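Dropping query-v2.pdb in here (PDB, C-alpha atoms, pLDDT in the B column):
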ATOM      1  CA  MET A   6     -28.797  -9.013 -53.582  1.00 81.00           C
ATOM      2  CA  TYR A   7     -31.589  -9.325 -51.099  1.00 86.00           C
ATOM      3  CA  ILE A   8     -31.824  -8.433 -47.442  1.00 87.00           C
ATOM      4  CA  ARG A   9     -34.452  -9.892 -45.180  1.00 87.00           C
ATOM      5  CA  LYS A  10     -34.117  -8.976 -41.525  1.00 87.00           C
ATOM      6  CA  GLY A  11     -36.036  -8.309 -38.368  1.00 84.00           C
ATOM      7  CA  PHE A  12     -36.768 -11.860 -37.283  1.00 84.00           C
ATOM      8  CA  MET A  13     -37.070 -11.430 -33.524  1.00 83.00           C
ATOM      9  CA  THR A  14     -37.530 -15.112 -32.658  1.00 84.00           C
ATOM     10  CA  TRP A  15     -35.977 -18.330 -33.903  1.00 85.00           C
ATOM     11  CA  ASP A  16     -39.405 -19.544 -35.107  1.00 89.00           C
ATOM     12  CA  GLU A  17     -39.918 -16.348 -37.179  1.00 88.00           C
ATOM     13  CA  PHE A  18     -36.521 -16.912 -38.790  1.00 87.00           C
ATOM     14  CA  VAL A  19     -37.052 -20.601 -39.576  1.00 88.00           C
ATOM     15  CA  SER A  20     -40.534 -20.049 -41.014  1.00 91.00           C
ATOM     16  CA  GLY A  21     -39.608 -16.809 -42.843  1.00 87.00           C
ATOM     17  CA  ILE A  22     -36.673 -18.054 -44.937  1.00 87.00           C
ATOM     18  CA  ASN A  23     -36.809 -20.504 -47.832  1.00 88.00           C
ATOM     19  CA  PHE A  24     -33.554 -22.315 -47.086  1.00 87.00           C
ATOM     20  CA  ASP A  25     -33.843 -24.508 -50.212  1.00 89.00           C
ATOM     21  CA  ALA A  26     -33.642 -21.355 -52.354  1.00 87.00           C
ATOM     22  CA  LEU A  27     -30.334 -20.448 -50.677  1.00 85.00           C
ATOM     23  CA  ILE A  28     -28.501 -23.687 -51.521  1.00 84.00           C
ATOM     24  CA  ASP A  29     -25.254 -22.878 -53.395  1.00 84.00           C
ATOM     25  CA  LYS A  30     -25.702 -19.142 -52.858  1.00 82.00           C
ATOM     26  CA  ALA A  31     -23.408 -16.843 -50.910  1.00 81.00           C
ATOM     27  CA  CYS A  32     -25.235 -15.919 -47.705  1.00 82.00           C
ATOM     28  CA  VAL A  33     -24.616 -13.907 -44.574  1.00 82.00           C
ATOM     29  CA  PHE A  34     -26.666 -14.733 -41.480  1.00 79.00           C
ATOM     30  CA  HIS A  35     -26.476 -12.348 -38.541  1.00 77.00           C
ATOM     31  CA  PHE A  36     -27.730 -13.348 -35.086  1.00 71.00           C
ATOM     32  CA  ARG A  37     -27.634 -10.593 -32.483  1.00 65.00           C
ATOM     33  CA  PHE A  38     -29.614  -8.034 -30.512  1.00 57.00           C
ATOM     34  CA  ALA A  39     -28.720  -4.353 -30.781  1.00 53.00           C
ATOM     35  CA  THR A  40     -26.213  -2.808 -28.400  1.00 60.00           C
ATOM     36  CA  HIS A  41     -27.067   0.767 -29.413  1.00 56.00           C
ATOM     37  CA  GLY A  42     -30.358   2.089 -30.723  1.00 57.00           C
ATOM     38  CA  SER A  43     -33.590   0.249 -30.199  1.00 64.00           C
ATOM     39  CA  THR A  44     -33.981  -3.520 -30.330  1.00 73.00           C
ATOM     40  CA  SER A  45     -36.313  -3.414 -33.294  1.00 77.00           C
ATOM     41  CA  PRO A  46     -36.690  -5.213 -36.630  1.00 79.00           C
ATOM     42  CA  GLY A  47     -35.410  -2.178 -38.580  1.00 79.00           C
ATOM     43  CA  ASN A  48     -32.247  -1.955 -36.511  1.00 81.00           C
ATOM     44  CA  CYS A  49     -31.298  -5.598 -37.130  1.00 83.00           C
ATOM     45  CA  HIS A  50     -28.380  -6.403 -39.398  1.00 83.00           C
ATOM     46  CA  PRO A  51     -27.616  -6.741 -42.257  1.00 88.00           C
ATOM     47  CA  PHE A  52     -27.744  -3.252 -43.724  1.00 89.00           C
ATOM     48  CA  PRO A  53     -27.592  -2.038 -47.310  1.00 90.00           C
ATOM     49  CA  VAL A  54     -24.752   0.340 -48.126  1.00 89.00           C
ATOM     50  CA  GLY A  55     -26.778   3.384 -49.067  1.00 79.00           C
ATOM     51  CA  GLY A  56     -30.539   3.484 -49.188  1.00 83.00           C
ATOM     52  CA  ASN A  57     -32.940   2.961 -46.313  1.00 90.00           C
ATOM     53  CA  LEU A  58     -30.993   1.197 -43.551  1.00 90.00           C
ATOM     54  CA  LYS A  59     -34.157   0.278 -41.631  1.00 89.00           C
ATOM     55  CA  ARG A  60     -36.047  -1.567 -44.394  1.00 90.00           C
ATOM     56  CA  GLN A  61     -36.686  -5.170 -43.444  1.00 89.00           C
ATOM     57  CA  LYS A  62     -36.901  -6.387 -47.044  1.00 91.00           C
ATOM     58  CA  THR A  63     -34.788  -4.712 -49.688  1.00 89.00           C
ATOM     59  CA  ARG A  64     -32.426  -5.174 -52.616  1.00 89.00           C
ATOM     60  CA  THR A  65     -29.001  -3.603 -52.694  1.00 87.00           C
ATOM     61  CA  ASP A  66     -25.619  -3.541 -54.453  1.00 85.00           C
ATOM     62  CA  VAL A  67     -23.551  -4.096 -51.306  1.00 85.00           C
ATOM     63  CA  ALA A  68     -24.634  -5.058 -47.816  1.00 87.00           C
ATOM     64  CA  ILE A  69     -22.992  -5.310 -44.410  1.00 87.00           C
ATOM     65  CA  ALA A  70     -23.267  -7.269 -41.204  1.00 86.00           C
ATOM     66  CA  HIS A  71     -21.146  -6.239 -38.249  1.00 84.00           C
ATOM     67  CA  ASN A  72     -20.109  -7.655 -34.876  1.00 83.00           C
ATOM     68  CA  GLY A  73     -18.866  -5.250 -32.247  1.00 81.00           C
ATOM     69  CA  ILE A  74     -19.431  -1.727 -31.016  1.00 83.00           C
ATOM     70  CA  VAL A  75     -18.475   1.252 -33.170  1.00 86.00           C
ATOM     71  CA  HIS A  76     -17.707   4.276 -31.029  1.00 83.00           C
ATOM     72  CA  VAL A  77     -19.178   7.055 -33.172  1.00 84.00           C
ATOM     73  CA  PRO A  78     -21.792   9.731 -32.564  1.00 82.00           C
ATOM     74  CA  ILE A  79     -25.299   8.492 -33.416  1.00 82.00           C
ATOM     75  CA  THR A  80     -26.382  10.420 -36.526  1.00 79.00           C
ATOM     76  CA  LYS A  81     -30.179  10.043 -36.417  1.00 84.00           C
ATOM     77  CA  LYS A  82     -32.871   9.327 -33.871  1.00 81.00           C
ATOM     78  CA  ASP A  83     -33.254   5.562 -33.390  1.00 83.00           C
ATOM     79  CA  TYR A  84     -30.104   4.762 -35.368  1.00 86.00           C
ATOM     80  CA  SER A  85     -27.533   2.336 -34.037  1.00 84.00           C
ATOM     81  CA  ASP A  86     -23.786   2.855 -33.916  1.00 85.00           C
ATOM     82  CA  THR A  87     -23.397   0.632 -36.993  1.00 87.00           C
ATOM     83  CA  MET A  88     -26.029   2.533 -38.972  1.00 89.00           C
ATOM     84  CA  SER A  89     -24.352   5.834 -38.111  1.00 90.00           C
ATOM     85  CA  TYR A  90     -20.934   4.512 -39.183  1.00 90.00           C
ATOM     86  CA  ILE A  91     -22.370   3.195 -42.454  1.00 91.00           C
ATOM     87  CA  GLU A  92     -23.983   6.554 -43.180  1.00 91.00           C
ATOM     88  CA  LYS A  93     -20.926   8.676 -42.311  1.00 91.00           C
ATOM     89  CA  ARG A  94     -17.987   6.522 -43.438  1.00 90.00           C
ATOM     90  CA  ILE A  95     -18.889   3.431 -45.430  1.00 91.00           C
ATOM     91  CA  ALA A  96     -21.538   4.771 -47.845  1.00 90.00           C
ATOM     92  CA  PRO A  97     -19.318   7.647 -49.082  1.00 90.00           C
ATOM     93  CA  TYR A  98     -16.374   5.230 -49.456  1.00 88.00           C
ATOM     94  CA  TRP A  99     -18.608   2.844 -51.438  1.00 88.00           C
ATOM     95  CA  GLN A 100     -19.551   5.640 -53.852  1.00 87.00           C
ATOM     96  CA  GLU A 101     -15.868   6.433 -54.387  1.00 87.00           C
ATOM     97  CA  CYS A 102     -15.092   2.744 -55.009  1.00 84.00           C
ATOM     98  CA  LYS A 103     -17.982   2.412 -57.489  1.00 83.00           C
ATOM     99  CA  GLU A 104     -16.696   5.413 -59.435  1.00 83.00           C
ATOM    100  CA  HIS A 105     -13.251   3.792 -59.693  1.00 79.00           C
ATOM    101  CA  GLY A 106     -14.518   0.256 -60.391  1.00 78.00           C
ATOM    102  CA  ARG A 107     -13.052  -1.453 -57.334  1.00 78.00           C
ATOM    103  CA  TYR A 108     -14.281  -3.518 -54.437  1.00 76.00           C
ATOM    104  CA  MET A 109     -14.729  -1.708 -51.179  1.00 79.00           C
ATOM    105  CA  TYR A 110     -12.224  -2.906 -48.559  1.00 80.00           C
ATOM    106  CA  SER A 111     -10.494  -5.260 -50.993  1.00 78.00           C
ATOM    107  CA  ILE A 112      -7.200  -3.436 -50.322  1.00 80.00           C
ATOM    108  CA  PRO A 113      -5.513  -4.627 -47.086  1.00 84.00           C
ATOM    109  CA  THR A 114      -4.531  -1.094 -46.039  1.00 87.00           C
ATOM    110  CA  ASN A 115      -8.188  -0.014 -46.249  1.00 85.00           C
ATOM    111  CA  GLN A 116      -9.217  -3.082 -44.239  1.00 86.00           C
ATOM    112  CA  LYS A 117      -6.715  -2.013 -41.575  1.00 88.00           C
ATOM    113  CA  VAL A 118      -8.243   1.480 -41.473  1.00 88.00           C
ATOM    114  CA  LEU A 119     -11.695  -0.055 -40.946  1.00 88.00           C
ATOM    115  CA  LEU A 120     -10.401  -2.314 -38.167  1.00 88.00           C
ATOM    116  CA  ASP A 121      -8.422   0.514 -36.532  1.00 88.00           C
ATOM    117  CA  GLU A 122     -11.447   2.829 -36.593  1.00 88.00           C
ATOM    118  CA  THR A 123     -13.936   0.280 -35.314  1.00 88.00           C
ATOM    119  CA  GLY A 124     -12.102  -2.614 -33.651  1.00 84.00           C
ATOM    120  CA  SER A 125     -14.916  -4.786 -35.005  1.00 85.00           C
ATOM    121  CA  LYS A 126     -15.618  -7.649 -37.394  1.00 86.00           C
ATOM    122  CA  TRP A 127     -17.413  -7.056 -40.694  1.00 87.00           C
ATOM    123  CA  SER A 128     -18.917  -9.066 -43.546  1.00 85.00           C
ATOM    124  CA  PHE A 129     -19.537  -7.416 -46.911  1.00 85.00           C
ATOM    125  CA  LEU A 130     -21.494  -9.226 -49.627  1.00 84.00           C
ATOM    126  CA  TYR A 131     -21.193  -8.050 -53.221  1.00 80.00           C
ATOM    127  CA  PRO A 132     -23.547  -8.642 -56.195  1.00 78.00           C
ATOM    128  CA  ASN A 133     -21.284 -11.305 -57.714  1.00 81.00           C
ATOM    129  CA  GLY A 134     -21.630 -13.387 -54.529  1.00 81.00           C
ATOM    130  CA  ARG A 135     -18.184 -12.484 -53.218  1.00 82.00           C
ATOM    131  CA  ILE A 136     -17.969 -12.090 -49.445  1.00 83.00           C
ATOM    132  CA  PHE A 137     -15.265 -10.097 -47.676  1.00 83.00           C
ATOM    133  CA  ASN A 138     -14.957 -10.988 -44.005  1.00 85.00           C
ATOM    134  CA  ILE A 139     -12.762  -8.521 -42.144  1.00 86.00           C
ATOM    135  CA  GLY A 140     -11.511  -9.065 -38.612  1.00 84.00           C
ATOM    136  CA  ALA A 141     -10.643 -12.069 -36.461  1.00 80.00           C
ATOM    137  CA  GLY A 142     -13.205 -14.822 -36.840  1.00 77.00           C
ATOM    138  CA  VAL A 143     -13.576 -18.594 -36.743  1.00 76.00           C
ATOM    139  CA  MET A 144     -13.654 -20.664 -39.962  1.00 75.00           C
ATOM    140  CA  GLN A 145     -15.443 -23.981 -39.515  1.00 73.00           C
ATOM    141  CA  GLY A 146     -16.852 -26.258 -42.209  1.00 75.00           C
ATOM    142  CA  GLY A 147     -16.497 -23.581 -44.900  1.00 78.00           C
ATOM    143  CA  ILE A 148     -18.425 -21.057 -42.790  1.00 77.00           C
ATOM    144  CA  TRP A 149     -16.864 -17.945 -41.250  1.00 79.00           C
ATOM    145  CA  TYR A 150     -18.190 -17.052 -37.794  1.00 76.00           C
ATOM    146  CA  SER A 151     -17.410 -13.632 -36.332  1.00 79.00           C
ATOM    147  CA  ASN A 152     -16.981 -15.283 -32.925  1.00 73.00           C
ATOM    148  CA  ALA A 153     -17.068 -18.706 -31.301  1.00 66.00           C
ATOM    149  CA  GLY A 154     -20.572 -18.309 -29.845  1.00 65.00           C
ATOM    150  CA  PHE A 155     -22.375 -19.385 -33.005  1.00 56.00           C
ATOM    151  CA  LEU A 156     -24.976 -21.764 -31.622  1.00 50.00           C
ATOM    152  CA  PRO A 157     -28.615 -20.619 -32.066  1.00 53.00           C
ATOM    153  CA  THR A 158     -29.732 -18.459 -29.146  1.00 52.00           C
ATOM    154  CA  GLY A 159     -33.143 -17.149 -30.180  1.00 45.00           C
ATOM    155  CA  ARG A 160     -31.789 -13.615 -30.698  1.00 50.00           C
ATOM    156  CA  GLY A 161     -32.757 -11.168 -33.479  1.00 46.00           C
ATOM    157  CA  VAL A 162     -31.856 -12.492 -36.920  1.00 48.00           C
ATOM    158  CA  GLY A 163     -31.124 -11.001 -40.343  1.00 51.00           C
ATOM    159  CA  VAL A 164     -30.248 -12.675 -43.646  1.00 50.00           C
ATOM    160  CA  LEU A 165     -28.495 -11.446 -46.761  1.00 49.00           C
ATOM    161  CA  TRP A 166     -28.047 -13.425 -49.988  1.00 50.00           C
ATOM    162  CA  HIS A 167     -26.915 -12.982 -53.577  1.00 41.00           C
TER     163      HIS A 167
END

Would you mind giving the structure from this file in structure tokens?
Amino acid sequence: MYIRKGFMTWDEFVSGINFDALIDKACVFHFRFATHGSTSPGNCHPFPVGGNLKRQKTRTDVAIAHNGIVHVPITKKDYSDTMSYIEKRIAPYWQECKEHGRYMYSIPTNQKVLLDETGSKWSFLYPNGRIFNIGAGVMQGGIWYSNAGFLPTGRGVGVLWH
């Protein structure tokens, strides 16, 4: 899977992504400015699970986009709440799941733990193109939106695809 993020304007996003190459591929698009940490390209979503969370272009086994505020201590200078939560909770859980050959958060009780801990909405994209969306969202035209405000706003953008 590939992550490309850090588009800080709508024009950067539109000119930086080859949309034709994404036809018939599972994709996660994340449009949002940071609520914690700096508003910078490296702090944009999506994030790899494990590895360098700030890289703007990377490949990964599992990646995450998140909508909400995670109330956790920030673990590193210039990290966001989401990055800190990934580092402390999600990355270790992913390693455990890999060792046991199962999808992370595929079990409803584990999804409930994630929602109870964070009160947020999450999208996980796996190498086989499977997407897990966790939390209340809006399904429209075969697309899951984490909230109803999904019209383009010119905010920071990140893209993840399989």

So that each row is one residue of range 53-102 of chain A with an atom at most 12 Å from range 134-140 of chain A, can you give its shortest atom pair and the distance in Å to one decimal, using only C-alpha atoms, rows by chain and rising number, as a tab-separated table?
residue	atom	partner	partner_atom	distance
A:Asp66	CA	A:Gly134	CA	10.6
A:Val67	CA	A:Ile136	CA	9.9
A:Ala68	CA	A:Ile136	CA	9.8
A:Ile69	CA	A:Phe137	CA	9.7
A:Ala70	CA	A:Asn138	CA	9.5
A:His71	CA	A:Ile139	CA	9.5
A:Asn72	CA	A:Gly140	CA	9.5
A:Gly73	CA	A:Gly140	CA	10.4

Requested in this report: Please measure the separation of CA of Gln61 in chain A and CA of Ala141 in chain A, giving the value in Å to one decimal.
Outcome: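 It comes out at 27.8 Å.
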
Requested in this report: Have a look at CA of Tyr131 in chain A and CA of Ala31 in chain A and let me know their distance in Å, one decimal.
Outcome: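 Between CA of Tyr131 in chain A and CA of Ala31 in chain A the gap works out to 9.4 Å.
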
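In this model, the gap between CA of Val54 in chain A and CA of Met144 in chain A comes to 25.1 Å.
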
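For the file shown, the residue list from the PyMOL selection byres ((chain A and resi 63) around 12) reads Met6, Tyr7, Ile8, Arg9, Lys10, Gly11, Gly47, Pro51, Phe52, Pro53, Val54, Gly55, Gly56, Asn57, Leu58, Lys59, Arg60, Gln61, Lys62, Arg64, Thr65, Asp66, Val67, Ala68, Gly163, Val164, Leu165 and Trp166 of chain A.
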
Query raised in the report: Which polymer residues have any atom within 7 Å of an atom of range 83-93 of chain A, counting all atoms listed in the file, with same-chain residues fewer than 2 positions away left out, as a list in words?
Result: His41, Gly42, Ser43, Asn48, Val54, Leu58, Ile74, Val75, His76, Val77, Ile79, Thr80, Lys81, Ile95 and Ala96 of chain A

List as JSON lines every residue of range 111-143 of chain A that is in contact with range 100-104 of chain A, defined as an atom at most 12 Å from one of its atoms (using only C-alpha atoms), together with the nearest atom pair and the distance in Å rounded to one decimal, sorted by chain and then rising number.
{"residue": "A:Ser111", "atom": "CA", "partner": "A:Cys102", "partner_atom": "CA", "distance": 10.1}
{"residue": "A:Ile112", "atom": "CA", "partner": "A:Cys102", "partner_atom": "CA", "distance": 11.1}
{"residue": "A:Asn115", "atom": "CA", "partner": "A:Cys102", "partner_atom": "CA", "distance": 11.5}
{"residue": "A:Tyr131", "atom": "CA", "partner": "A:Lys103", "partner_atom": "CA", "distance": 11.7}
